[in-house]
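*Asks:* My file is upload-v2.cif. It has mmCIF, C-alpha atoms:
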data_entry
loop_
_atom_site.label_atom_id
_atom_site.label_comp_id
_atom_site.auth_asym_id
_atom_site.auth_seq_id
_atom_site.Cartn_x
_atom_site.Cartn_y
_atom_site.Cartn_z
CA MET W 15 65.00 -116.72 -55.59
CA LYS W 16 61.67 -118.07 -56.71
CA THR W 17 60.69 -114.79 -58.32
CA ARG W 18 64.00 -114.60 -60.12
CA HIS W 19 63.48 -118.10 -61.55
CA LEU W 20 60.02 -117.25 -62.75
CA LEU W 21 61.30 -114.08 -64.37
CA LEU W 22 64.03 -116.07 -66.10
CA LEU W 23 61.46 -118.57 -67.29
CA ALA W 24 59.25 -115.81 -68.67
CA LEU W 25 62.19 -114.25 -70.48
CA LEU W 26 63.11 -117.59 -72.02
CA VAL W 27 59.67 -118.55 -73.19
CA ALA W 28 58.13 -115.25 -74.22
CA PRO W 29 60.14 -114.73 -77.40
CA LEU W 30 59.52 -118.31 -78.45
CA ALA W 31 55.81 -118.28 -77.90
CA ALA W 32 55.07 -114.77 -79.11
CA GLY W 33 57.86 -113.50 -81.28
CA ALA W 34 59.27 -116.60 -82.92
CA PRO W 35 58.71 -116.70 -86.64
CA PRO W 36 55.74 -118.83 -87.55
CA ALA W 37 56.12 -121.94 -89.57
CA ALA W 38 56.71 -121.26 -93.23
CA ALA W 39 53.69 -123.32 -94.06
CA ALA W 40 51.44 -121.06 -91.99
CA GLU W 41 52.11 -117.96 -94.06
CA PRO W 42 49.84 -117.02 -96.92
CA ALA W 43 51.34 -117.57 -100.33
CA ALA W 44 51.53 -114.73 -102.77
CA ALA W 45 50.91 -116.64 -105.94
CA PRO W 46 49.04 -119.84 -105.29
CA ALA W 47 48.78 -122.71 -107.66
CA PRO W 48 45.90 -122.99 -110.10
CA VAL W 49 42.87 -123.59 -107.94
CA ALA W 50 41.98 -127.23 -108.21
CA LEU W 51 38.40 -128.44 -107.99
CA ALA W 52 37.20 -128.81 -104.43
CA LEU W 53 35.90 -132.10 -103.14
CA GLY W 54 32.25 -132.35 -104.05
CA ALA W 55 32.63 -130.20 -107.15
CA ALA W 56 30.93 -131.35 -110.34
CA LEU W 57 32.95 -132.81 -113.20
CA PRO W 58 33.60 -129.87 -115.54
CA MET W 59 33.89 -129.81 -119.35
CA GLY W 60 32.08 -133.13 -119.60
CA ASP W 61 30.89 -132.50 -123.14
CA VAL W 62 34.18 -131.35 -124.66
CA LYS W 63 35.35 -133.66 -127.41
CA MET W 64 38.95 -134.83 -127.11
CA MET W 65 40.89 -136.85 -129.65
CA GLY W 66 42.21 -140.16 -128.42
CA VAL W 67 45.20 -142.20 -129.48
CA ASP W 68 42.83 -144.61 -131.26
CA GLY W 69 41.66 -141.82 -133.58
CA ARG W 70 38.27 -141.49 -131.94
CA GLU W 71 36.92 -138.47 -130.12
CA ILE W 72 35.52 -138.98 -126.65
CA THR W 73 34.00 -136.81 -123.95
CA LEU W 74 34.44 -137.20 -120.21
CA ALA W 75 30.68 -137.53 -119.81
CA GLY W 76 30.64 -140.27 -122.44
CA ALA W 77 33.46 -142.14 -120.72
CA ALA W 78 31.76 -142.13 -117.31
CA GLY W 79 31.18 -145.52 -115.72
CA PRO W 80 28.16 -146.59 -113.68
CA LYS W 81 30.16 -146.22 -110.46
CA GLY W 82 32.24 -143.18 -111.34
CA THR W 83 34.86 -141.57 -113.52
CA LEU W 84 38.60 -141.28 -113.10
CA VAL W 85 40.33 -138.44 -114.95
CA VAL W 86 44.12 -138.34 -114.73
CA PHE W 87 46.19 -135.54 -116.20
CA SER W 88 49.40 -137.09 -117.42
CA CYS W 89 51.80 -136.87 -120.32
CA ASN W 90 54.69 -138.54 -122.10
CA HIS W 91 57.70 -136.45 -121.19
CA CYS W 92 57.53 -136.01 -117.44
CA PRO W 93 59.78 -138.29 -115.34
CA TRP W 94 57.17 -138.38 -112.61
CA ALA W 95 54.48 -139.44 -115.07
CA LYS W 96 56.87 -142.04 -116.44
CA ALA W 97 57.71 -143.31 -112.96
CA TRP W 98 54.03 -143.87 -112.20
CA GLU W 99 53.01 -144.92 -115.70
CA GLU W 100 53.02 -148.67 -115.18
CA ARG W 101 50.89 -148.31 -112.04
CA LEU W 102 48.56 -145.87 -113.79
CA VAL W 103 48.11 -148.22 -116.73
CA ALA W 104 47.32 -151.10 -114.36
CA ILE W 105 44.59 -148.98 -112.77
CA GLY W 106 43.33 -147.72 -116.11
CA ASN W 107 43.13 -151.19 -117.60
CA THR W 108 41.38 -152.65 -114.56
CA TRP W 109 38.77 -150.25 -113.30
CA PRO W 110 36.56 -149.77 -116.37
CA LYS W 111 35.66 -153.47 -116.00
CA GLN W 112 34.62 -152.69 -112.43
CA GLY W 113 32.38 -149.80 -113.33
CA VAL W 114 34.67 -146.77 -113.19
CA GLY W 115 35.37 -145.03 -116.48
CA VAL W 116 39.00 -143.98 -116.95
CA VAL W 117 40.37 -141.19 -119.15
CA VAL W 118 43.98 -140.01 -119.18
CA VAL W 119 44.29 -136.47 -120.49
CA ASN W 120 47.41 -134.83 -121.91
CA SER W 121 47.04 -131.05 -121.68
CA ASN W 122 50.66 -130.11 -122.38
CA ASP W 123 51.50 -127.86 -125.29
CA PRO W 124 53.54 -130.05 -127.64
CA LYS W 125 55.38 -126.93 -128.79
CA ALA W 126 57.03 -127.01 -125.38
CA TYR W 127 57.35 -130.78 -125.24
CA PRO W 128 57.26 -132.40 -128.71
CA GLU W 129 57.13 -135.82 -127.03
CA ASP W 130 53.64 -134.89 -125.89
CA GLY W 131 52.21 -134.63 -129.41
CA LEU W 132 49.56 -137.10 -130.55
CA ASP W 133 52.07 -139.29 -132.40
CA GLY W 134 54.17 -139.66 -129.26
CA MET W 135 51.06 -140.44 -127.25
CA LYS W 136 50.01 -143.13 -129.75
CA ALA W 137 53.42 -144.76 -129.48
CA ARG W 138 53.36 -144.67 -125.69
CA ALA W 139 49.85 -146.09 -125.52
CA LYS W 140 50.88 -148.95 -127.77
CA GLN W 141 54.09 -149.58 -125.84
CA ARG W 142 52.28 -149.60 -122.50
CA LYS W 143 49.21 -151.46 -123.81
CA MET W 144 46.81 -148.79 -122.61
CA ALA W 145 43.26 -150.08 -122.96
CA PHE W 146 41.63 -146.79 -121.91
CA PRO W 147 41.33 -143.44 -123.69
CA TYR W 148 44.54 -141.38 -123.70
CA VAL W 149 43.36 -138.09 -125.13
CA VAL W 150 44.55 -134.64 -126.19
CA ASP W 151 43.23 -131.56 -124.41
CA ALA W 152 43.72 -129.45 -127.51
CA THR W 153 43.22 -126.07 -125.83
CA SER W 154 44.37 -127.04 -122.31
CA ASP W 155 40.98 -125.70 -121.20
CA VAL W 156 40.04 -128.99 -119.61
CA ALA W 157 43.11 -128.78 -117.36
CA ARG W 158 42.28 -125.14 -116.62
CA ALA W 159 38.72 -126.07 -115.68
CA PHE W 160 39.96 -128.78 -113.33
CA GLY W 161 42.67 -126.53 -111.92
CA ALA W 162 45.13 -129.29 -112.76
CA ALA W 163 48.65 -128.03 -112.20
CA LYS W 164 50.90 -130.98 -112.84
CA THR W 165 51.36 -134.45 -114.19
CA PRO W 166 50.32 -136.90 -113.00
CA GLU W 167 47.31 -135.59 -111.11
CA ALA W 168 44.20 -137.69 -110.51
CA PHE W 169 40.58 -136.59 -110.11
CA LEU W 170 38.03 -139.27 -109.17
CA PHE W 171 34.31 -138.56 -109.46
CA ASP W 172 31.44 -140.62 -108.10
CA LYS W 173 28.46 -141.84 -110.13
CA ASP W 174 26.81 -138.44 -109.73
CA GLY W 175 29.86 -136.68 -111.15
CA LYS W 176 31.00 -135.21 -107.81
CA LEU W 177 34.70 -135.10 -106.98
CA VAL W 178 35.56 -137.61 -104.26
CA TYR W 179 39.35 -137.92 -104.58
CA HIS W 180 42.07 -135.58 -105.84
CA GLY W 181 45.77 -136.12 -105.83
CA ALA W 182 48.52 -138.66 -106.18
CA ILE W 183 48.53 -142.25 -107.38
CA ASP W 184 50.49 -143.43 -104.34
CA ASP W 185 53.15 -142.21 -101.94
CA ASN W 186 56.30 -143.26 -103.76
CA ALA W 187 56.95 -142.46 -107.40
CA LYS W 188 60.55 -143.60 -107.35
CA GLU W 189 60.27 -146.97 -105.66
CA PRO W 190 57.12 -148.96 -106.47
CA LYS W 191 58.15 -151.68 -104.05
CA GLN W 192 58.35 -149.20 -101.20
CA VAL W 193 54.85 -147.82 -101.64
CA LYS W 194 53.08 -147.68 -98.32
CA GLU W 195 49.88 -145.88 -99.32
CA ARG W 196 48.12 -146.70 -102.58
CA TYR W 197 45.94 -143.63 -102.37
CA LEU W 198 44.16 -143.86 -105.71
CA GLN W 199 43.59 -147.60 -105.55
CA ALA W 200 42.17 -147.23 -102.04
CA ALA W 201 39.89 -144.41 -103.20
CA LEU W 202 38.64 -146.51 -106.12
CA GLU W 203 37.97 -149.49 -103.87
CA ALA W 204 36.09 -147.32 -101.37
CA LEU W 205 34.07 -145.70 -104.15
CA ALA W 206 33.17 -149.03 -105.71
CA GLY W 207 32.34 -150.46 -102.29
CA GLY W 208 30.13 -147.54 -101.33
CA ARG W 209 32.44 -146.53 -98.48
CA ALA W 210 33.84 -143.14 -97.49
CA ILE W 211 37.30 -142.43 -98.89
CA ALA W 212 39.73 -142.28 -95.98
CA THR W 213 42.25 -139.95 -97.63
CA PRO W 214 40.40 -137.90 -100.24
CA GLN W 215 43.20 -135.39 -100.96
CA THR W 216 46.92 -136.01 -101.34
CA LYS W 217 49.85 -134.30 -103.04
CA ALA W 218 52.89 -135.42 -104.95
CA LEU W 219 55.61 -133.72 -106.90
CA GLY W 220 55.11 -133.53 -110.62
CA CYS W 221 55.83 -131.58 -113.78
CA SER W 222 53.96 -128.33 -114.30
CA ILE W 223 51.40 -128.65 -117.06
CA LYS W 224 52.48 -126.42 -119.91
CA TYR W 225 49.15 -124.90 -120.86
CA ARG W 226 48.64 -123.92 -124.45
CA THR W 227 48.47 -120.18 -124.94
CA LYS W 228 44.90 -119.00 -125.15
CA ALA W 229 43.90 -117.62 -128.52
CA ALA W 230 43.16 -113.90 -128.54
CA SER W 231 39.42 -113.31 -128.57
CA MET X 2 63.82 -130.63 -54.49
CA ARG X 3 62.59 -127.32 -55.76
CA ARG X 4 65.40 -126.88 -58.29
CA PRO X 5 64.84 -130.16 -60.23
CA ALA X 6 61.13 -129.44 -60.34
CA LEU X 7 61.73 -125.97 -61.68
CA ALA X 8 64.24 -127.28 -64.23
CA ALA X 9 61.70 -129.83 -65.41
CA ALA X 10 59.05 -127.13 -65.72
CA VAL X 11 61.42 -124.96 -67.74
CA ALA X 12 62.27 -127.88 -70.04
CA LEU X 13 58.60 -128.70 -70.56
CA LEU X 14 57.65 -125.11 -71.33
CA LEU X 15 60.56 -124.76 -73.73
CA ALA X 16 59.53 -127.93 -75.53
CA VAL X 17 55.95 -126.68 -75.84
CA ALA X 18 57.13 -123.29 -77.07
CA LEU X 19 59.42 -124.86 -79.67
CA ALA X 20 56.58 -127.02 -80.89
CA LEU X 21 54.36 -123.95 -81.19
CA ALA X 22 57.07 -122.09 -83.08
CA GLY X 23 56.73 -124.57 -85.95
CA PRO X 24 59.25 -126.21 -88.22
CA ALA X 25 60.41 -123.27 -90.30
CA CYS X 26 62.95 -121.61 -88.10
CA ALA X 27 64.60 -122.56 -84.88
CA PRO X 28 64.71 -119.84 -82.23
CA SER X 29 68.44 -120.10 -81.80
CA PRO X 30 71.02 -119.85 -84.55
CA ARG X 31 73.02 -122.56 -82.83
CA ARG X 32 70.21 -125.04 -83.32
CA ALA X 33 69.77 -124.10 -86.97
CA GLU X 34 73.45 -124.58 -87.64
CA LYS X 35 73.37 -127.95 -85.99
CA ALA X 36 70.44 -129.08 -88.13
CA ALA X 37 71.96 -127.95 -91.42
CA PRO X 38 73.35 -130.77 -93.57
CA ARG X 39 77.07 -131.17 -94.05
CA PRO X 40 77.98 -129.71 -97.43
CA ALA X 41 79.27 -132.12 -100.04
CA GLY X 42 81.32 -129.48 -101.83
CA PRO X 43 80.90 -127.13 -104.77
CA HIS X 44 79.05 -128.42 -107.84
CA VAL X 45 77.97 -131.46 -105.83
CA VAL X 46 74.49 -131.55 -104.44
CA THR X 47 74.15 -132.30 -100.77
CA PRO X 48 71.33 -134.67 -99.81
CA ALA X 49 69.00 -132.94 -97.35
CA SER X 50 65.61 -133.52 -95.80
CA VAL X 51 63.03 -130.75 -95.90
CA GLU X 52 63.82 -129.98 -92.26
CA GLU X 53 67.50 -129.64 -93.07
CA VAL X 54 66.73 -127.36 -96.01
CA LEU X 55 64.58 -125.17 -93.77
CA ALA X 56 67.45 -125.06 -91.30
CA VAL X 57 69.60 -123.60 -94.09
CA VAL X 58 66.82 -121.12 -94.89
CA CYS X 59 66.72 -120.14 -91.23
CA GLN X 60 70.40 -119.64 -90.70
CA PRO X 61 70.93 -116.05 -89.60
CA GLY X 62 72.64 -113.41 -91.66
CA ALA X 63 70.36 -113.01 -94.69
CA ARG X 64 67.94 -110.18 -95.46
CA ALA X 65 65.99 -112.52 -97.70
CA VAL X 66 66.20 -116.15 -98.71
CA VAL X 67 65.05 -117.48 -102.07
CA LEU X 68 64.37 -121.22 -102.05
CA ASN X 69 63.92 -122.70 -105.51
CA VAL X 70 62.77 -126.29 -105.97
CA TRP X 71 63.81 -127.63 -109.35
CA GLY X 72 64.70 -130.70 -111.40
CA THR X 73 67.05 -131.27 -114.33
CA TRP X 74 64.24 -132.86 -116.35
CA CYS X 75 61.96 -129.86 -115.83
CA GLY X 76 62.20 -127.52 -118.82
CA PRO X 77 60.93 -124.36 -117.09
CA CYS X 78 63.30 -125.07 -114.18
CA ARG X 79 66.29 -125.22 -116.51
CA GLU X 80 65.13 -122.11 -118.36
CA GLU X 81 64.91 -119.94 -115.27
CA PHE X 82 68.03 -121.35 -113.62
CA PRO X 83 70.52 -118.85 -115.12
CA ASP X 84 68.36 -115.99 -113.86
CA LEU X 85 68.37 -117.42 -110.35
CA VAL X 86 72.14 -117.65 -110.42
CA LYS X 87 72.34 -114.09 -111.75
CA LEU X 88 69.96 -112.91 -109.02
CA ARG X 89 72.28 -114.37 -106.43
CA ARG X 90 75.27 -112.73 -108.06
CA ASP X 91 73.53 -109.36 -108.13
CA TYR X 92 72.01 -109.44 -104.65
CA GLU X 93 74.24 -111.60 -102.49
CA ARG X 94 76.06 -108.55 -101.15
CA ARG X 95 72.71 -106.97 -100.30
CA GLY X 96 71.72 -109.93 -98.19
CA LEU X 97 70.22 -112.53 -100.52
CA ARG X 98 70.76 -116.20 -99.76
CA LEU X 99 69.80 -118.51 -102.62
CA VAL X 100 68.95 -122.08 -101.68
CA LEU X 101 68.58 -124.45 -104.62
CA LEU X 102 66.86 -127.75 -103.93
CA SER X 103 66.82 -130.40 -106.63
CA VAL X 104 64.12 -133.05 -106.49
CA ASP X 105 65.79 -135.22 -109.09
CA PHE X 106 65.79 -138.95 -108.54
CA ASP X 107 68.97 -140.41 -107.02
CA SER X 108 69.87 -141.95 -110.36
CA GLU X 109 70.06 -138.47 -111.89
CA VAL X 110 72.63 -137.06 -109.46
CA PRO X 111 75.43 -137.08 -112.08
CA ALA X 112 73.19 -135.05 -114.40
CA VAL X 113 72.40 -132.64 -111.56
CA ASN X 114 76.07 -132.09 -110.80
CA ARG X 115 76.87 -131.64 -114.49
CA PHE X 116 74.10 -129.06 -114.84
CA LEU X 117 75.27 -127.16 -111.77
CA ALA X 118 78.81 -127.04 -113.15
CA GLU X 119 77.51 -125.83 -116.54
CA GLN X 120 75.61 -123.07 -114.78
CA GLY X 121 78.71 -121.96 -112.89
CA VAL X 122 77.25 -122.81 -109.50
CA ASP X 123 80.08 -122.56 -106.98
CA PHE X 124 77.99 -122.59 -103.82
CA GLU X 125 76.23 -125.31 -101.88
CA THR X 126 73.00 -126.71 -103.30
CA TYR X 127 70.79 -129.51 -102.10
CA LEU X 128 69.09 -132.70 -103.27
CA ARG X 129 65.88 -133.69 -101.59
CA ALA X 130 66.52 -136.85 -99.60
CA GLY X 131 63.70 -139.31 -99.15
CA GLY X 132 60.46 -138.69 -97.35
CA ASP X 133 56.84 -138.50 -98.28
CA ASP X 134 55.91 -136.07 -101.08
CA ASP X 135 52.73 -134.95 -99.38
CA LYS X 136 54.56 -133.97 -96.19
CA PHE X 137 57.43 -132.38 -98.14
CA ILE X 138 55.06 -130.21 -100.17
CA ASN X 139 52.84 -129.16 -97.30
CA THR X 140 55.80 -128.39 -95.05
CA LEU X 141 57.02 -125.83 -97.56
CA SER X 142 53.51 -124.50 -98.22
CA PRO X 143 50.02 -126.00 -98.08
CA LEU X 144 49.26 -123.84 -101.10
CA TRP X 145 51.90 -125.52 -103.26
CA SER X 146 50.38 -128.12 -105.57
CA GLY X 147 53.69 -129.93 -106.04
CA ALA X 148 54.25 -128.59 -109.55
CA LEU X 149 57.75 -127.47 -110.52
CA PRO X 150 59.53 -125.17 -110.44
CA ALA X 151 58.41 -123.68 -107.15
CA THR X 152 59.99 -120.62 -105.57
CA PHE X 153 59.64 -119.42 -101.99
CA ILE X 154 60.95 -116.12 -100.61
CA TYR X 155 61.54 -115.81 -96.87
CA ASP X 156 62.45 -112.69 -94.96
CA GLY X 157 65.50 -112.48 -92.75
CA ALA X 158 63.58 -113.98 -89.84
CA GLY X 159 62.76 -117.05 -91.92
CA THR X 160 59.09 -116.23 -92.42
CA LEU X 161 57.67 -117.16 -95.80
CA ARG X 162 56.72 -113.94 -97.59
CA ASP X 163 56.17 -114.92 -101.20
CA PHE X 164 55.63 -118.06 -103.24
CA TRP X 165 54.89 -119.01 -106.79
CA GLU X 166 54.79 -122.00 -109.09
CA GLY X 167 56.20 -122.01 -112.59
CA LYS X 168 58.94 -120.15 -114.37
CA ALA X 169 59.70 -116.50 -113.61
CA SER X 170 61.76 -113.98 -115.54
CA TYR X 171 64.70 -112.19 -113.96
CA ALA X 172 62.65 -108.99 -113.71
CA GLN X 173 59.82 -110.81 -111.94
CA MET X 174 62.17 -112.50 -109.48
CA GLU X 175 64.01 -109.26 -108.80
CA ARG X 176 60.85 -107.25 -108.23
CA ARG X 177 59.43 -109.79 -105.82
CA LEU X 178 62.72 -110.19 -104.01
CA LEU X 179 62.99 -106.45 -103.53
CA LYS X 180 59.46 -106.32 -102.14
CA VAL X 181 60.44 -108.83 -99.49
CA MET X 182 63.72 -107.08 -98.77
CA GLU X 183 61.83 -103.82 -98.39
CA GLY X 184 59.04 -105.40 -96.40
CA LYS X 185 56.47 -104.75 -99.14
CA ASN X 186 55.35 -108.02 -100.58
CA GLU X 187 51.97 -107.59 -102.19
CA PRO X 188 50.53 -110.81 -103.52
CA ASP X 189 50.82 -110.96 -107.27
CA SER X 190 49.97 -114.10 -109.14
CA THR X 191 49.42 -112.68 -112.56
CA GLU X 192 52.88 -112.43 -113.98
CA VAL X 193 54.33 -115.85 -113.54
CA SER X 194 53.26 -118.89 -115.44
CA SER X 195 54.79 -122.24 -116.09
#
Kindly return the structure encoded in the file as structure tokens.
*Replies:*
Amino acid sequence: MKTRHLLLLALLVAPLAAGAPPAAAAEPAAAPAPVALALGAALPMGDVKMMGVDGREITLAGAAGPKGTLVVFSCNHCPWAKAWEERLVAIGNTWPKQGVGVVVVNSNDPKAYPEDGLDGMKARAKQRKMAFPYVVDATSDVARAFGAAKTPEAFLFDKDGKLVYHGAIDDNAKEPKQVKERYLQAALEALAGGRAIATPQTKALGCSIKYRTKAAS
Amino acid sequence: MRRPALAAAVALLLAVALALAGPACAPSPRRAEKAAPRPAGPHVVTPASVEEVLAVVCQPGARAVVLNVWGTWCGPCREEFPDLVKLRRDYERRGLRLVLLSVDFDSEVPAVNRFLAEQGVDFETYLRAGGDDDKFINTLSPLWSGALPATFIYDGAGTLRDFWEGKASYAQMERRLLKVMEGKNEPDSTEVSS
């Protein structure tokens, strides 16, 4: 009897433990996303000039603050970017005063999304009262160098220009009142306070960045 | 006394084994069917959690399952949509199951249903219901950045065999589907871009 039970048990469990299909998430992907900068990576393309909505060119290196630099890839047209825009503007208008430089970069090809042209960006910046540089990545090479795949996508660097946070603004684009984790705000506060960032990488849904086609060389 | 103890041991081992098997596919078709969401009807998206969508992926009977995550506001998603529908039309009889998952906001459901009707969709499709983005994305693939559209191809056993972000042409989708159906899915990231 006992042996028969054990045999039955083995028959039941063996296919689950050994032959059951693994979790989808455990399988290697065939075509991964653009490879984003790893934590600790240096801020790339710091000396590339980008035109801002105020008509002035800036560089990421020039916009760096004494405590760090926040670079957010965003745009005008994307519903996710729009959903987070008010929260992003609040962060962008606050943190430069606290020592973290903020630049919001639009890398989308306006041929694909006319709303993302400089005129549209100027209008949005005025409407939202953006007090930080909202700039055009005219070749999309800055996004490529960061491995930025979507909007919005945040990259926070420390005072030495090393990446310390990458990901979402918070955990709820749709319902600001239901946000439980303010990831970016928490990362900024930890950075400014000299503490380790508890959640240095997060993900959120967003619109694929429509890279400009690279000119033939 | 021995029988309850043995039954408890069996239950414990089964629970451990199920946990080890992961969230993609249940070991028994009966469980997958139970977890699948109740369809809302043709042209009407059915709200579903990521677990419920994976239960649909894992339902038996397909040689390959293409899961496409899309949104009405996403230009590349809309552009490739007719090709996905055509792919289903062309390969359904050969064992393709197409699972369309919209991540539109709740307020955009009328636009989703309109778009589905325009595209001639007469099969069940899904609307992501609630949940944390980070968990949703990583459950489908840790390699997915969260950018849209995203397409996942599973084999008949529910194992993820191919994945890409961005828009694909019909020829690209077809080639990669056939590789999975034939058990030859070489990674190829060069031909699809958003």
*Asks:* Written as a PyMOL selection string, which residues does the PyMOL selection byres ((chain W and resi 144-160) around 6) give for the file shown?
*Replies:* chain W and resi 50-51+64-67+107+117-121+139+142-143+161-162+225-226
*Asks:* How far is it from atom CA of W:Ala97 to atom CA of W:Ala187, in Å with one decimal?
*Replies:*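 Interatomic distance, atom CA of W:Ala97 to atom CA of W:Ala187: 5.7 Å.
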*Asks:* Hey, can you check how far atom CA of X:Leu68 sits from atom CA of W:Ile223?
*Replies:* 21.2 Å
*Asks:* Could you tell me, as an MDAnalysis selection string, exactly which residues end up selected when the PyMOL selection byres ((chain X and resi 45-48) around 12) is applied to this structure?
*Replies:* chainID X and resid 37:44 49:54 57 100:107 109:118 121:132
*Asks:* X:Arg95: which residues within 10 Å, counting all atoms listed in the file, same-chain residues fewer than 6 positions away excluded, as a count of residues only?
*Replies:* 5
*Asks:* Report the residues retrieved by the PyMOL selection byres ((chain W and resi 177-186) around 7) from the displayed file, expressed as a CSV table (one decimal) with C-alpha atoms, keeping the file's coordinate frame.
*Replies:*
chain,number,residue,atom,x,y,z
W,53,LEU,CA,35.9,-132.1,-103.1
W,54,GLY,CA,32.2,-132.4,-104.0
W,55,ALA,CA,32.6,-130.2,-107.2
W,56,ALA,CA,30.9,-131.4,-110.3
W,57,LEU,CA,33.0,-132.8,-113.2
W,167,GLU,CA,47.3,-135.6,-111.1
W,168,ALA,CA,44.2,-137.7,-110.5
W,169,PHE,CA,40.6,-136.6,-110.1
W,170,LEU,CA,38.0,-139.3,-109.2
W,171,PHE,CA,34.3,-138.6,-109.5
W,172,ASP,CA,31.4,-140.6,-108.1
W,175,GLY,CA,29.9,-136.7,-111.2
W,176,LYS,CA,31.0,-135.2,-107.8
W,187,ALA,CA,57.0,-142.5,-107.4
W,188,LYS,CA,60.6,-143.6,-107.4
W,189,GLU,CA,60.3,-147.0,-105.7
W,190,PRO,CA,57.1,-149.0,-106.5
W,192,GLN,CA,58.4,-149.2,-101.2
W,193,VAL,CA,54.8,-147.8,-101.6
W,194,LYS,CA,53.1,-147.7,-98.3
W,195,GLU,CA,49.9,-145.9,-99.3
W,196,ARG,CA,48.1,-146.7,-102.6
W,197,TYR,CA,45.9,-143.6,-102.4
W,198,LEU,CA,44.2,-143.9,-105.7
W,201,ALA,CA,39.9,-144.4,-103.2
W,214,PRO,CA,40.4,-137.9,-100.2
W,215,GLN,CA,43.2,-135.4,-101.0
W,216,THR,CA,46.9,-136.0,-101.3
W,217,LYS,CA,49.8,-134.3,-103.0
W,218,ALA,CA,52.9,-135.4,-105.0
X,133,ASP,CA,56.8,-138.5,-98.3
X,134,ASP,CA,55.9,-136.1,-101.1
*Asks:* Determine the nearest neighbour of chain X from the options W:Ala95, W:Met135, W:Ile105, W:Val85, counting all atoms listed in the file.
*Replies:*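 Distance minimum relative to chain X lands on W:Ala95.
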*Asks:* One decimal, in Å: what's the spacing between atom CA of W:Asn122 and atom CA of X:Gly167?
*Replies:* 13.9 Å
*Asks:* Find the residue from X:Pro77, X:Lys185, X:Ile138, X:Trp165 that sits nearest to X:Ala151; use only C-alpha atoms when measuring.
*Replies:*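 Closest candidate: X:Trp165.
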*Asks:* Counting only C-alpha atoms, which residue out of W:Thr165, W:Pro93, W:Asp61, W:Gly76 sits closest to X:Ser108?
*Replies:* W:Pro93
*Asks:* Within 10 Å of X:Glu80, counting all atoms listed in the file, which residues qualify if same-chain residues fewer than 4 places away don't, as a list in words?
*Replies:*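 The contact residues come out as Cys75, Gly76, Asp84, Leu85, Lys168, Ala169 and Ser170 of chain X.
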*Asks:* To box stretch 114-118 of chain W, take all atoms listed in the file, fit an axis-aligned box, add 6 Å on each side, and give centre and edge lengths in Å to one decimal, as JSON.
*Replies:*
{"center_x": 39.3, "center_y": -143.4, "center_z": -116.2, "size_x": 21.3, "size_y": 18.8, "size_z": 18.0}
*Asks:* Starting from the sparse input, extend stretch 93-101 of chain X to N, CA, C and O atoms and give the output as an mmCIF file, in the coordinates of the input.
*Replies:*
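Contents of the output file rebuild-v2.cif:
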data_model
loop_
_atom_site.group_PDB
_atom_site.id
_atom_site.type_symbol
_atom_site.label_atom_id
_atom_site.label_comp_id
_atom_site.auth_asym_id
_atom_site.auth_seq_id
_atom_site.Cartn_x
_atom_site.Cartn_y
_atom_site.Cartn_z
ATOM 1 N N GLU X 93 73.640 -110.929 -103.640
ATOM 2 C CA GLU X 93 74.240 -111.600 -102.490
ATOM 3 C C GLU X 93 74.792 -110.579 -101.499
ATOM 4 O O GLU X 93 74.607 -110.695 -100.292
ATOM 5 N N ARG X 94 75.459 -109.553 -102.031
ATOM 6 C CA ARG X 94 76.060 -108.550 -101.150
ATOM 7 C C ARG X 94 75.004 -107.720 -100.435
ATOM 8 O O ARG X 94 75.301 -107.074 -99.433
ATOM 9 N N ARG X 95 73.798 -107.719 -100.958
ATOM 10 C CA ARG X 95 72.710 -106.970 -100.300
ATOM 11 C C ARG X 95 71.889 -107.866 -99.388
ATOM 12 O O ARG X 95 70.835 -107.479 -98.935
ATOM 13 N N GLY X 96 72.356 -109.097 -99.206
ATOM 14 C CA GLY X 96 71.720 -109.930 -98.190
ATOM 15 C C GLY X 96 70.880 -111.077 -98.706
ATOM 16 O O GLY X 96 70.124 -111.677 -97.944
ATOM 17 N N LEU X 97 71.001 -111.389 -99.998
ATOM 18 C CA LEU X 97 70.220 -112.530 -100.520
ATOM 19 C C LEU X 97 70.968 -113.834 -100.282
ATOM 20 O O LEU X 97 72.160 -113.946 -100.574
ATOM 21 N N ARG X 98 70.252 -114.820 -99.787
ATOM 22 C CA ARG X 98 70.760 -116.200 -99.760
ATOM 23 C C ARG X 98 69.891 -117.026 -100.716
ATOM 24 O O ARG X 98 68.664 -117.033 -100.582
ATOM 25 N N LEU X 99 70.529 -117.653 -101.676
ATOM 26 C CA LEU X 99 69.800 -118.510 -102.620
ATOM 27 C C LEU X 99 70.003 -119.960 -102.223
ATOM 28 O O LEU X 99 71.140 -120.425 -102.109
ATOM 29 N N VAL X 100 68.897 -120.659 -102.031
ATOM 30 C CA VAL X 100 68.950 -122.080 -101.680
ATOM 31 C C VAL X 100 68.300 -122.854 -102.820
ATOM 32 O O VAL X 100 67.109 -122.674 -103.096
ATOM 33 N N LEU X 101 69.084 -123.660 -103.488
ATOM 34 C CA LEU X 101 68.580 -124.450 -104.620
ATOM 35 C C LEU X 101 68.380 -125.886 -104.156
ATOM 36 O O LEU X 101 69.306 -126.500 -103.623
#
